[in-house]
$ cat upload.tsv   # TSV, C-alpha atoms
chain	number	residue	atom	x	y	z
W	11	MET	CA	6.47	-26.13	-39.16
W	12	ASN	CA	9.38	-23.68	-39.63
W	13	VAL	CA	12.99	-24.15	-38.48
W	14	GLY	CA	12.51	-22.16	-35.27
W	15	ASN	CA	9.44	-24.15	-34.29
W	16	SER	CA	11.19	-27.42	-35.15
W	17	GLU	CA	14.00	-26.59	-32.70
W	18	LYS	CA	11.42	-25.88	-29.99
W	19	THR	CA	9.63	-29.14	-30.73
W	20	TYR	CA	12.99	-30.96	-30.63
W	21	ARG	CA	13.50	-29.72	-27.05
W	22	TYR	CA	9.98	-30.72	-26.07
W	23	PHE	CA	10.61	-34.24	-27.37
W	24	GLN	CA	13.75	-34.41	-25.22
W	25	ALA	CA	11.79	-33.18	-22.19
W	26	PHE	CA	9.06	-35.74	-22.80
W	27	TYR	CA	11.55	-38.62	-22.85
W	28	LEU	CA	13.31	-37.24	-19.76
W	29	PHE	CA	10.09	-37.10	-17.71
W	30	THR	CA	8.62	-40.32	-19.10
W	31	PHE	CA	11.67	-42.42	-18.33
W	32	PHE	CA	12.03	-40.66	-14.99
W	33	GLY	CA	8.64	-42.22	-14.24
W	34	PHE	CA	9.74	-45.63	-15.52
W	35	GLY	CA	12.99	-45.47	-13.55
W	36	SER	CA	11.12	-44.54	-10.39
W	37	LEU	CA	8.80	-47.54	-10.48
W	38	PHE	CA	10.14	-50.60	-12.27
W	39	PRO	CA	13.61	-51.13	-10.68
W	40	LEU	CA	12.15	-51.06	-7.15
W	41	LEU	CA	8.78	-52.70	-7.85
W	42	SER	CA	9.97	-56.18	-6.85
W	43	VAL	CA	11.46	-54.79	-3.62
W	44	TYR	CA	8.15	-53.04	-2.87
W	45	LEU	CA	6.15	-56.22	-3.46
W	46	GLU	CA	8.43	-58.19	-1.15
W	47	ASN	CA	8.97	-55.68	1.65
W	48	GLU	CA	5.65	-53.83	1.71
W	49	LYS	CA	3.21	-56.47	0.42
W	50	HIS	CA	5.07	-59.58	1.66
W	51	LEU	CA	4.69	-61.63	-1.52
W	52	ASN	CA	6.96	-64.56	-2.33
W	53	ASN	CA	9.33	-64.41	-5.28
W	54	THR	CA	7.19	-66.58	-7.55
W	55	GLN	CA	4.24	-64.24	-7.04
W	56	ILE	CA	6.53	-61.25	-7.62
W	57	GLY	CA	7.80	-62.85	-10.81
W	58	MET	CA	4.26	-63.31	-12.09
W	59	ILE	CA	3.35	-59.69	-11.37
W	60	VAL	CA	6.40	-58.10	-12.97
W	61	ALA	CA	6.26	-60.52	-15.93
W	62	ALA	CA	2.68	-59.35	-16.57
W	63	ILE	CA	4.01	-55.93	-17.63
W	64	PRO	CA	5.88	-57.08	-20.78
W	65	LEU	CA	3.17	-59.65	-21.55
W	66	VAL	CA	0.51	-56.92	-21.58
W	67	THR	CA	2.84	-54.83	-23.73
W	68	ILE	CA	3.05	-57.56	-26.38
W	69	PHE	CA	-0.70	-57.66	-26.88
W	70	LEU	CA	-1.63	-54.04	-26.21
W	71	GLN	CA	0.99	-52.15	-28.23
W	72	PRO	CA	-0.52	-53.23	-31.58
W	73	VAL	CA	-3.95	-52.16	-30.30
W	74	TRP	CA	-2.67	-48.70	-29.41
W	75	GLY	CA	-1.02	-48.52	-32.82
W	76	MET	CA	-4.28	-49.38	-34.59
W	77	LEU	CA	-6.11	-46.78	-32.50
W	78	SER	CA	-3.52	-44.21	-33.54
W	79	ASP	CA	-3.91	-45.13	-37.22
W	80	TYR	CA	-7.70	-45.06	-36.98
W	81	THR	CA	-8.09	-41.81	-35.04
W	82	ARG	CA	-5.00	-40.06	-36.48
W	83	LYS	CA	-4.61	-38.46	-33.03
W	84	PRO	CA	-1.53	-40.02	-31.39
W	85	ARG	CA	-0.91	-36.91	-29.27
W	86	GLN	CA	-4.34	-37.14	-27.67
W	87	LEU	CA	-3.85	-40.88	-27.09
W	88	LEU	CA	-0.53	-40.14	-25.39
W	89	LEU	CA	-2.28	-37.63	-23.15
W	90	ILE	CA	-4.86	-40.22	-22.14
W	91	ALA	CA	-2.24	-42.93	-21.62
W	92	GLY	CA	0.02	-40.72	-19.50
W	93	VAL	CA	-2.73	-39.40	-17.26
W	94	MET	CA	-4.37	-42.80	-16.77
W	95	ALA	CA	-1.06	-44.59	-16.10
W	96	GLY	CA	-0.34	-42.02	-13.38
W	97	ILE	CA	-3.78	-42.45	-11.83
W	98	MET	CA	-3.58	-46.25	-11.93
W	99	SER	CA	-0.19	-46.20	-10.18
W	100	LEU	CA	-1.60	-44.06	-7.36
W	101	LEU	CA	-4.53	-46.45	-6.94
W	102	TYR	CA	-2.04	-49.34	-6.82
W	103	THR	CA	-0.79	-48.16	-3.41
W	104	TRP	CA	-4.22	-49.03	-1.93
W	105	LEU	CA	-4.21	-52.64	-3.13
W	106	ASP	CA	-3.38	-55.71	-1.06
W	107	GLY	CA	-3.21	-59.41	-1.82
W	108	PHE	CA	-1.66	-61.18	-4.80
W	109	LEU	CA	-4.74	-61.19	-7.05
W	110	LEU	CA	-5.51	-57.49	-6.64
W	111	LEU	CA	-1.85	-56.56	-7.05
W	112	PHE	CA	-1.65	-58.71	-10.18
W	113	LEU	CA	-4.76	-57.12	-11.70
W	114	GLY	CA	-3.59	-53.68	-10.61
W	115	ILE	CA	-0.27	-53.93	-12.44
W	116	ILE	CA	-2.16	-55.01	-15.56
W	117	GLY	CA	-4.16	-51.78	-15.19
W	118	VAL	CA	-0.95	-49.75	-15.04
W	119	ALA	CA	0.59	-51.64	-17.99
W	120	LEU	CA	-2.59	-51.19	-20.04
W	121	PHE	CA	-1.85	-47.47	-20.38
W	122	GLN	CA	1.93	-47.45	-19.83
W	123	SER	CA	2.36	-49.79	-22.82
W	124	ALA	CA	1.08	-47.06	-25.17
W	125	ILE	CA	3.62	-44.42	-24.25
W	126	VAL	CA	6.82	-45.64	-25.89
W	127	PRO	CA	5.44	-46.81	-29.29
W	128	LEU	CA	3.23	-43.74	-29.78
W	129	SER	CA	5.98	-41.29	-28.79
W	130	ASP	CA	8.53	-43.17	-30.92
W	131	SER	CA	6.17	-42.98	-33.90
W	132	LEU	CA	5.91	-39.21	-33.54
W	133	SER	CA	9.58	-38.62	-32.80
W	134	LEU	CA	10.87	-40.84	-35.61
W	135	HIS	CA	8.65	-39.09	-38.12
W	136	PHE	CA	9.81	-35.74	-36.77
W	137	VAL	CA	13.55	-36.49	-37.05
W	138	GLN	CA	13.10	-37.77	-40.59
W	139	GLN	CA	11.20	-34.65	-41.60
W	140	PHE	CA	13.62	-32.13	-40.07
W	141	ASP	CA	16.92	-34.02	-40.38
W	142	LYS	CA	17.43	-34.41	-36.62
W	143	GLU	CA	18.96	-37.30	-34.65
W	144	TYR	CA	16.69	-39.72	-32.85
W	145	GLY	CA	19.64	-40.76	-30.67
W	146	ASN	CA	19.87	-37.26	-29.20
W	147	ILE	CA	16.21	-37.49	-28.17
W	148	ARG	CA	16.41	-41.02	-26.77
W	149	LEU	CA	19.50	-40.13	-24.72
W	150	TRP	CA	17.32	-38.03	-22.45
W	151	GLY	CA	15.29	-41.13	-21.65
W	152	ALA	CA	18.40	-42.92	-20.38
W	153	LEU	CA	19.33	-39.87	-18.31
W	154	GLY	CA	15.82	-39.60	-16.86
W	155	PHE	CA	15.81	-43.28	-15.92
W	156	ALA	CA	19.20	-43.03	-14.21
W	157	LEU	CA	18.27	-39.84	-12.35
W	158	ALA	CA	14.99	-41.35	-11.12
W	159	VAL	CA	16.51	-44.48	-9.58
W	160	PHE	CA	19.15	-42.41	-7.80
W	161	VAL	CA	16.72	-39.78	-6.45
W	162	VAL	CA	13.87	-42.13	-5.57
W	163	GLY	CA	16.26	-44.70	-4.10
W	164	ASN	CA	17.55	-42.06	-1.68
W	165	ILE	CA	14.04	-40.85	-0.83
W	166	THR	CA	12.81	-44.37	-0.02
W	167	ASP	CA	15.92	-45.02	2.03
W	168	MET	CA	15.49	-41.83	4.08
W	169	THR	CA	11.74	-42.20	4.60
W	170	GLY	CA	11.68	-45.97	5.02
W	171	SER	CA	8.72	-46.21	2.63
W	172	LEU	CA	8.77	-47.68	-0.87
W	173	THR	CA	5.37	-46.18	-1.70
W	174	TRP	CA	7.27	-43.16	-3.04
W	175	ILE	CA	8.06	-45.10	-6.21
W	176	PHE	CA	4.41	-44.78	-7.28
W	177	TYR	CA	4.24	-41.08	-6.41
W	178	ALA	CA	7.38	-40.42	-8.45
W	179	PHE	CA	6.03	-42.47	-11.37
W	180	SER	CA	2.82	-40.41	-11.37
W	181	LEU	CA	4.83	-37.18	-11.21
W	182	GLY	CA	6.89	-38.24	-14.21
W	183	MET	CA	3.76	-39.06	-16.20
W	184	LEU	CA	2.17	-35.72	-15.28
W	185	LEU	CA	5.23	-33.69	-16.28
W	186	SER	CA	5.55	-35.59	-19.56
W	187	VAL	CA	1.97	-34.62	-20.46
W	188	PHE	CA	2.90	-30.92	-20.37
W	189	ALA	CA	5.62	-31.57	-22.96
W	190	LEU	CA	2.96	-32.83	-25.39
W	191	THR	CA	1.75	-29.28	-26.08
W	192	SER	CA	4.43	-28.78	-28.76
W	193	PHE	CA	4.29	-32.28	-30.24
W	194	PRO	CA	3.24	-32.73	-33.88
W	195	LYS	CA	-0.40	-33.69	-34.14
W	196	ARG	CA	0.27	-36.63	-36.43
W	197	GLY	CA	2.93	-39.26	-36.89
W	198	GLN	CA	4.01	-41.07	-40.01
W	199	SER	CA	1.30	-43.01	-41.77
W	200	VAL	CA	2.57	-46.39	-42.92
W	201	GLN	CA	0.23	-48.99	-44.35
W	202	ILE	CA	1.56	-52.52	-43.81
W	203	ASP	CA	-0.11	-55.89	-44.22
W	204	PHE	CA	1.14	-57.45	-40.99
W	205	ARG	CA	0.02	-60.98	-41.90
W	206	GLN	CA	1.82	-60.97	-45.23
W	207	GLY	CA	4.90	-59.36	-43.68
W	208	PHE	CA	4.96	-61.99	-40.95
W	209	LYS	CA	4.79	-64.82	-43.49
W	210	THR	CA	7.64	-63.27	-45.46
W	211	LEU	CA	9.86	-62.92	-42.40
W	212	MET	CA	9.21	-66.48	-41.24
W	213	LYS	CA	10.98	-67.63	-44.40
W	214	GLU	CA	14.10	-65.62	-43.52
W	215	LYS	CA	16.38	-68.13	-41.74
W	216	THR	CA	18.95	-65.56	-40.62
W	217	PHE	CA	16.27	-63.34	-39.14
W	218	LEU	CA	14.70	-66.24	-37.21
W	219	ILE	CA	18.02	-67.31	-35.70
W	220	PHE	CA	18.70	-63.70	-34.73
W	221	LEU	CA	15.30	-63.52	-32.98
W	222	CYS	CA	16.28	-66.55	-30.88
W	223	SER	CA	19.64	-65.01	-29.98
W	224	ASN	CA	17.97	-61.70	-29.10
W	225	PHE	CA	15.50	-63.56	-26.85
W	226	LEU	CA	18.37	-65.23	-24.97
W	227	ILE	CA	20.64	-62.17	-24.73
W	228	PHE	CA	18.32	-59.22	-24.17
W	229	GLY	CA	15.69	-61.02	-22.10
W	230	PRO	CA	18.06	-61.36	-19.10
W	231	VAL	CA	19.16	-57.72	-19.48
W	232	LEU	CA	15.56	-56.52	-19.12
W	233	ALA	CA	14.71	-59.00	-16.35
W	234	ASN	CA	17.75	-57.78	-14.44
W	235	ASN	CA	16.16	-54.34	-14.20
W	236	TYR	CA	13.42	-55.81	-12.00
W	237	TYR	CA	15.70	-57.83	-9.71
W	238	PHE	CA	18.93	-55.86	-9.58
W	239	GLY	CA	17.67	-53.96	-6.54
W	240	LYS	CA	17.18	-57.26	-4.70
W	241	PHE	CA	20.69	-58.32	-5.70
W	242	ILE	CA	22.22	-55.09	-4.36
W	243	LEU	CA	20.47	-55.65	-1.03
W	244	ALA	CA	21.62	-59.31	-1.01
W	245	VAL	CA	25.31	-58.35	-1.32
W	246	GLY	CA	25.07	-55.80	1.49
W	247	GLY	CA	23.88	-52.63	-0.25
W	248	THR	CA	21.12	-50.23	0.74
W	249	LEU	CA	18.18	-48.66	-1.09
W	250	SER	CA	20.37	-45.60	-1.64
W	251	GLY	CA	22.95	-47.99	-3.04
W	252	VAL	CA	20.37	-49.33	-5.46
W	253	GLY	CA	19.88	-45.78	-6.69
W	254	ILE	CA	23.62	-45.28	-7.13
W	255	ALA	CA	23.97	-48.59	-9.00
W	256	PHE	CA	21.18	-47.74	-11.44
W	257	LEU	CA	22.52	-44.22	-11.86
W	258	LEU	CA	25.85	-45.66	-12.97
W	259	ALA	CA	24.28	-48.44	-15.07
W	260	ALA	CA	21.56	-46.49	-16.88
W	261	GLY	CA	23.58	-43.28	-17.00
W	262	SER	CA	26.46	-45.02	-18.78
W	263	GLU	CA	24.13	-46.05	-21.61
W	264	ALA	CA	23.85	-42.47	-22.92
W	265	PRO	CA	27.48	-41.92	-24.03
W	266	PHE	CA	27.67	-45.35	-25.64
W	267	MET	CA	24.45	-44.69	-27.57
W	268	LYS	CA	26.07	-41.48	-28.77
W	269	LEU	CA	29.19	-43.33	-29.93
W	270	SER	CA	27.43	-46.44	-31.19
W	271	GLN	CA	27.34	-45.63	-34.89
W	272	LYS	CA	31.06	-44.87	-35.01
W	273	ILE	CA	31.82	-48.14	-33.23
W	274	ILE	CA	29.46	-50.08	-35.52
W	275	ASN	CA	31.09	-48.53	-38.60
W	276	ARG	CA	34.50	-49.58	-37.31
W	277	LEU	CA	33.72	-53.13	-36.14
W	278	ASP	CA	30.53	-54.01	-38.11
W	279	VAL	CA	27.14	-54.97	-36.72
W	280	ILE	CA	27.55	-58.65	-35.80
W	281	PRO	CA	30.90	-58.25	-33.97
W	282	VAL	CA	29.37	-55.41	-31.92
W	283	MET	CA	26.39	-57.59	-30.93
W	284	LEU	CA	28.78	-60.41	-30.04
W	285	LEU	CA	30.89	-58.05	-27.91
W	286	CYS	CA	27.79	-56.81	-26.08
W	287	ALA	CA	26.62	-60.36	-25.44
W	288	PHE	CA	30.03	-61.36	-24.08
W	289	ILE	CA	30.06	-58.41	-21.69
W	290	SER	CA	26.59	-59.35	-20.43
W	291	PHE	CA	27.67	-62.97	-20.03
W	292	ALA	CA	30.76	-61.96	-18.05
W	293	ARG	CA	28.70	-59.64	-15.85
W	294	TRP	CA	26.08	-62.27	-14.96
W	295	LEU	CA	28.76	-64.88	-14.28
W	296	PHE	CA	30.62	-62.48	-12.01
W	297	TYR	CA	27.45	-61.82	-10.00
W	298	PHE	CA	27.03	-65.56	-9.43
W	299	PHE	CA	30.14	-65.58	-7.21
W	300	ASP	CA	28.62	-63.20	-4.59
W	301	PRO	CA	31.02	-60.27	-5.19
W	302	ASN	CA	31.68	-57.39	-2.86
W	303	VAL	CA	29.09	-54.63	-3.25
W	304	THR	CA	31.79	-52.10	-4.18
W	305	LEU	CA	32.85	-54.30	-7.09
W	306	VAL	CA	29.21	-54.60	-8.15
W	307	TYR	CA	28.98	-50.80	-8.38
W	308	ALA	CA	32.17	-50.79	-10.47
W	309	THR	CA	30.76	-53.30	-12.95
W	310	THR	CA	27.51	-51.43	-13.61
W	311	ILE	CA	29.20	-49.52	-16.42
W	312	ALA	CA	29.08	-52.81	-18.30
W	313	GLN	CA	25.39	-52.10	-18.86
W	314	GLY	CA	26.31	-48.95	-20.74
W	315	ILE	CA	28.27	-51.03	-23.23
W	316	SER	CA	25.98	-54.06	-23.41
W	317	VAL	CA	22.78	-51.99	-23.77
W	318	GLY	CA	23.99	-48.70	-25.23
W	319	LEU	CA	25.68	-50.50	-28.14
W	320	TYR	CA	23.43	-53.53	-28.47
W	321	ILE	CA	20.14	-51.68	-29.06
W	322	PRO	CA	21.29	-49.64	-32.09
W	323	ALA	CA	23.33	-52.56	-33.47
W	324	ALA	CA	20.41	-54.99	-33.23
W	325	LEU	CA	18.00	-52.47	-34.77
W	326	LEU	CA	20.41	-51.85	-37.62
W	327	PHE	CA	20.85	-55.60	-38.19
W	328	VAL	CA	17.06	-56.01	-38.44
W	329	ARG	CA	16.83	-53.23	-41.00
W	330	GLN	CA	19.66	-54.69	-43.05
W	331	THR	CA	18.50	-58.31	-43.10
W	332	ALA	CA	14.74	-57.88	-43.48
W	333	PRO	CA	13.32	-57.23	-46.98
W	334	LYS	CA	12.66	-53.53	-47.44
W	335	GLU	CA	8.91	-53.93	-47.82
W	336	VAL	CA	8.57	-55.62	-44.40
W	337	GLN	CA	11.17	-53.73	-42.35
W	338	ALA	CA	8.58	-52.06	-40.11
W	339	THR	CA	7.00	-55.45	-39.40
W	340	ALA	CA	10.45	-56.90	-38.70
W	341	VAL	CA	11.21	-54.19	-36.14
W	342	GLY	CA	7.87	-54.85	-34.46
W	343	ILE	CA	8.51	-58.60	-34.24
W	344	TYR	CA	12.06	-58.01	-32.98
W	345	SER	CA	10.72	-55.75	-30.23
W	346	ALA	CA	7.98	-58.23	-29.28
W	347	VAL	CA	10.41	-61.14	-28.99
W	348	GLY	CA	13.11	-59.37	-26.98
W	349	ASN	CA	11.31	-56.62	-25.08
W	350	GLY	CA	8.12	-58.62	-24.64
W	351	MET	CA	8.53	-62.41	-24.68
W	352	GLY	CA	12.14	-62.49	-23.52
W	353	ASN	CA	11.48	-59.97	-20.78
W	354	ALA	CA	8.40	-61.84	-19.53
W	355	PHE	CA	9.98	-65.30	-19.69
W	356	PHE	CA	13.18	-64.44	-17.85
W	357	THR	CA	11.37	-62.26	-15.32
W	358	PHE	CA	9.02	-65.11	-14.44
W	359	ILE	CA	11.71	-67.82	-14.34
W	360	ALA	CA	13.92	-65.56	-12.24
W	361	GLY	CA	11.16	-65.24	-9.66
W	362	ILE	CA	10.93	-69.03	-9.38
W	363	LEU	CA	14.72	-69.36	-9.09
W	364	LEU	CA	14.74	-66.79	-6.28
W	365	ASP	CA	12.22	-68.90	-4.36
W	366	VAL	CA	13.84	-72.28	-5.04
W	367	LEU	CA	17.51	-71.23	-4.88
W	368	ASN	CA	18.74	-67.62	-4.54
W	369	VAL	CA	19.61	-64.49	-6.50
W	370	PHE	CA	23.11	-65.77	-7.31
W	371	TRP	CA	21.78	-68.86	-9.10
W	372	MET	CA	19.44	-66.57	-11.00
W	373	TYR	CA	22.50	-64.88	-12.49
W	374	ALA	CA	24.06	-68.27	-13.23
W	375	PHE	CA	20.97	-69.04	-15.31
W	376	PHE	CA	21.23	-65.66	-17.03
W	377	SER	CA	24.89	-66.31	-17.89
W	378	CYS	CA	24.15	-69.75	-19.39
W	379	MET	CA	21.33	-68.42	-21.55
W	380	THR	CA	23.45	-65.47	-22.71
W	381	LEU	CA	26.27	-67.87	-23.65
W	382	LEU	CA	23.79	-69.83	-25.76
W	383	GLY	CA	22.71	-66.57	-27.36
W	384	MET	CA	26.34	-65.85	-28.27
W	385	VAL	CA	26.56	-69.22	-30.02
W	386	LEU	CA	23.49	-68.32	-32.05
W	387	ILE	CA	25.06	-64.99	-33.05
W	388	LEU	CA	27.98	-66.96	-34.48
W	389	VAL	CA	25.45	-69.04	-36.43
W	390	VAL	CA	23.85	-65.80	-37.62
W	391	ARG	CA	27.25	-64.59	-38.78
W	392	LYS	CA	27.82	-67.84	-40.71
W	393	GLU	CA	24.40	-67.62	-42.37
W	394	ALA	CA	24.88	-63.94	-43.20
W	395	MET	CA	28.20	-64.69	-44.90
W	396	LYS	CA	26.41	-67.09	-47.24
W	397	GLN	CA	24.17	-64.27	-48.40
W	398	SER	CA	25.07	-60.86	-49.73
W	399	PRO	CA	27.38	-58.91	-47.38
W	400	ILE	CA	25.57	-56.79	-44.80
W	401	ARG	CA	26.33	-53.19	-45.48
W	402	ASN	CA	26.92	-50.50	-42.86
W	403	THR	CA	24.23	-47.84	-42.75
W	404	SER	CA	23.30	-45.29	-40.16
W	405	TYR	CA	20.46	-46.01	-37.76
W	406	GLU	CA	20.18	-42.29	-36.96
W	407	GLY	CA	16.79	-40.93	-37.84
W	408	VAL	CA	15.29	-44.39	-38.28

$ encode --input "upload.tsv" --output "structure tokens"
Amino acid sequence: MNVGNSEKTYRYFQAFYLFTFFGFGSLFPLLSVYLENEKHLNNTQIGMIVAAIPLVTIFLQPVWGMLSDYTRKPRQLLLIAGVMAGIMSLLYTWLDGFLLLFLGIIGVALFQSAIVPLSDSLSLHFVQQFDKEYGNIRLWGALGFALAVFVVGNITDMTGSLTWIFYAFSLGMLLSVFALTSFPKRGQSVQIDFRQGFKTLMKEKTFLIFLCSNFLIFGPVLANNYYFGKFILAVGGTLSGVGIAFLLAAGSEAPFMKLSQKIINRLDVIPVMLLCAFISFARWLFYFFDPNVTLVYATTIAQGISVGLYIPAALLFVRQTAPKEVQATAVGIYSAVGNGMGNAFFTFIAGILLDVLNVFWMYAFFSCMTLLGMVLILVVRKEAMKQSPIRNTSYEGV
């Protein structure tokens, strides 16, 4: 691939992330509202349905990865996953009853779970090969997510129907498929003995403590994406307001992702993670006190800091602390614990808390768990100081 073609492919990667996360942003933030308002489920049932998405992701992502390694055709697998996820979401609008809705979301997650790891595999290999920046590709995902919640939130508010979230998700998947035409045919081939890598990492005390802190800090952040719409409505907002809130929250992630490496170089990795955790803690605690909806909109920029800085800092910490020969395995475990287990656990518990108490006590629980995660980061810092100093390196192109 020559320089001219690499620039074209670079733009197609950006378009793919824009459309893909437009689909994600259309569906997931308003899914719980749809299940409550349109399907009349209780919050415990809603929690079980939305928690099924990250649980399926934990088990299915390795399967998609093995299929990619075996077939050596990740682009074709992405095509299948995108088309089928779109079709399954359209079929979901015909389902009624908890069991069918539960099984239906598993059907959506079955294919949706393949999209991010397969596209990341291709994009990361591409940026390494042509000296590009992965951050400048991933930024378009944050922008697509923010744009989707704003646009779809307004559409559902004007039409009075939340079914539009599934139509918009399918549209995003369809448009992303067209961007695949200029994707590389193959990703990076890495042979790793997962079992041996897992055993090695389980002996790394600092890494294990970090996994626990990541579970407690990032789990609530991801669970919040499913219930934030309900919170906005509870404090007097509208569906259009939900769109505005997510536009501000997700949109603010992009500039902080862009600046993250400079901030990490200045403050170091662990202080940045601690800062992000404190901001999340303060945000959840503030929401517990039933604030005015205008103040809630003003605080959404906190997500830009707590997510836009935390993700690259945590990824860099994993790369620095894990032995070089098992770094890929370490990143996979880190993602499974935070994005999978943490997401599923806090999403499910939040649903129960909404039924037993209310949305404000849900955020009290989030704040307590995040505070505990901050304590564990301090333990991580103490353990890290006993070992060789963690060096600053760039996460760009990882």

$ closest_residue --input "upload.tsv" --among "W:Phe34, W:Phe266, W:Phe291, W:Tyr237" --to "Val317 in chain W" --atoms "all atoms listed in the file"
W:Phe266

$ atom_distance --input "upload.tsv" --atom1 "CA of Leu40 in chain W" --atom2 "CA of Trp74 in chain W"
26.8 Å

$ closest_residue --input "upload.tsv" --among "W:Ala287, W:Val366, W:Leu70, W:Leu100" --to "Pro230 in chain W" --atoms "all atoms listed in the file"
W:Ala287

$ atom_distance --input "upload.tsv" --atom1 "CA of Leu367 in chain W" --atom2 "CA of Asn53 in chain W"
10.7 Å

$ closest_residue --input "upload.tsv" --among "W:Gly352, W:Gly163, W:Gly154, W:Pro64" --to "Leu221 in chain W" --atoms "only C-alpha atoms"
W:Gly352

$ atom_distance --input "upload.tsv" --atom1 "CA of Ile242 in chain W" --atom2 "CA of Leu101 in chain W"
28.2 Å

$ residues_around --input "upload.tsv" --residues "Phe228 in chain W" --least-positions-apart "5" --cutoff "8 Å" --atoms "all atoms listed in the file" --output "MDAnalysis selection string"
chainID W and resid 348:349 352:353

$ closest_residue --input "upload.tsv" --among "W:Tyr373, W:Phe296, W:Phe288, W:Phe23" --to "Asn146 in chain W" --atoms "only C-alpha atoms"
W:Phe23

$ closest_residue --input "upload.tsv" --among "W:Asn164, W:Asn275, W:Gln330, W:Thr54" --to "Ile254 in chain W" --atoms "only C-alpha atoms"
W:Asn164

$ residues_around --input "upload.tsv" --residues "Tyr297 in chain W" --least-positions-apart "4" --cutoff "7 Å" --atoms "only C-alpha atoms" --output "list in words"
Arg293, Pro301, Phe370 and Tyr373 of chain W

$ closest_residue --input "upload.tsv" --among "W:Ser171, W:Thr166, W:Asn234, W:Thr191" --to "Leu89 in chain W" --atoms "only C-alpha atoms"
W:Thr191

$ residues_around --input "upload.tsv" --residues "Tyr307 in chain W" --least-positions-apart "6" --cutoff "9 Å" --atoms "only C-alpha atoms" --output "list in words"
Ile242, Gly251, Ile254, Ala255, Phe256, Leu258 and Ala259 of chain W

$ residues_around --input "upload.tsv" --residues "Leu381 in chain W" --least-positions-apart "3" --cutoff "9 Å" --atoms "only C-alpha atoms" --output "JSON list (two decimals) with C-alpha atoms, keeping the file's coordinate frame"
[["chain", "number", "residue", "atom", "x", "y", "z"],
["W", 226, "LEU", "CA", 18.37, -65.23, -24.97],
["W", 227, "ILE", "CA", 20.64, -62.17, -24.73],
["W", 287, "ALA", "CA", 26.62, -60.36, -25.44],
["W", 288, "PHE", "CA", 30.03, -61.36, -24.08],
["W", 291, "PHE", "CA", 27.67, -62.97, -20.03],
["W", 376, "PHE", "CA", 21.23, -65.66, -17.03],
["W", 377, "SER", "CA", 24.89, -66.31, -17.89],
["W", 378, "CYS", "CA", 24.15, -69.75, -19.39],
["W", 384, "MET", "CA", 26.34, -65.85, -28.27],
["W", 385, "VAL", "CA", 26.56, -69.22, -30.02],
["W", 386, "LEU", "CA", 23.49, -68.32, -32.05]]

$ residues_near_point --input "upload.tsv" --point "(29.7, -57.8, -29.7)" --cutoff "12 Å" --atoms "only C-alpha atoms" --output "count of residues only"
35
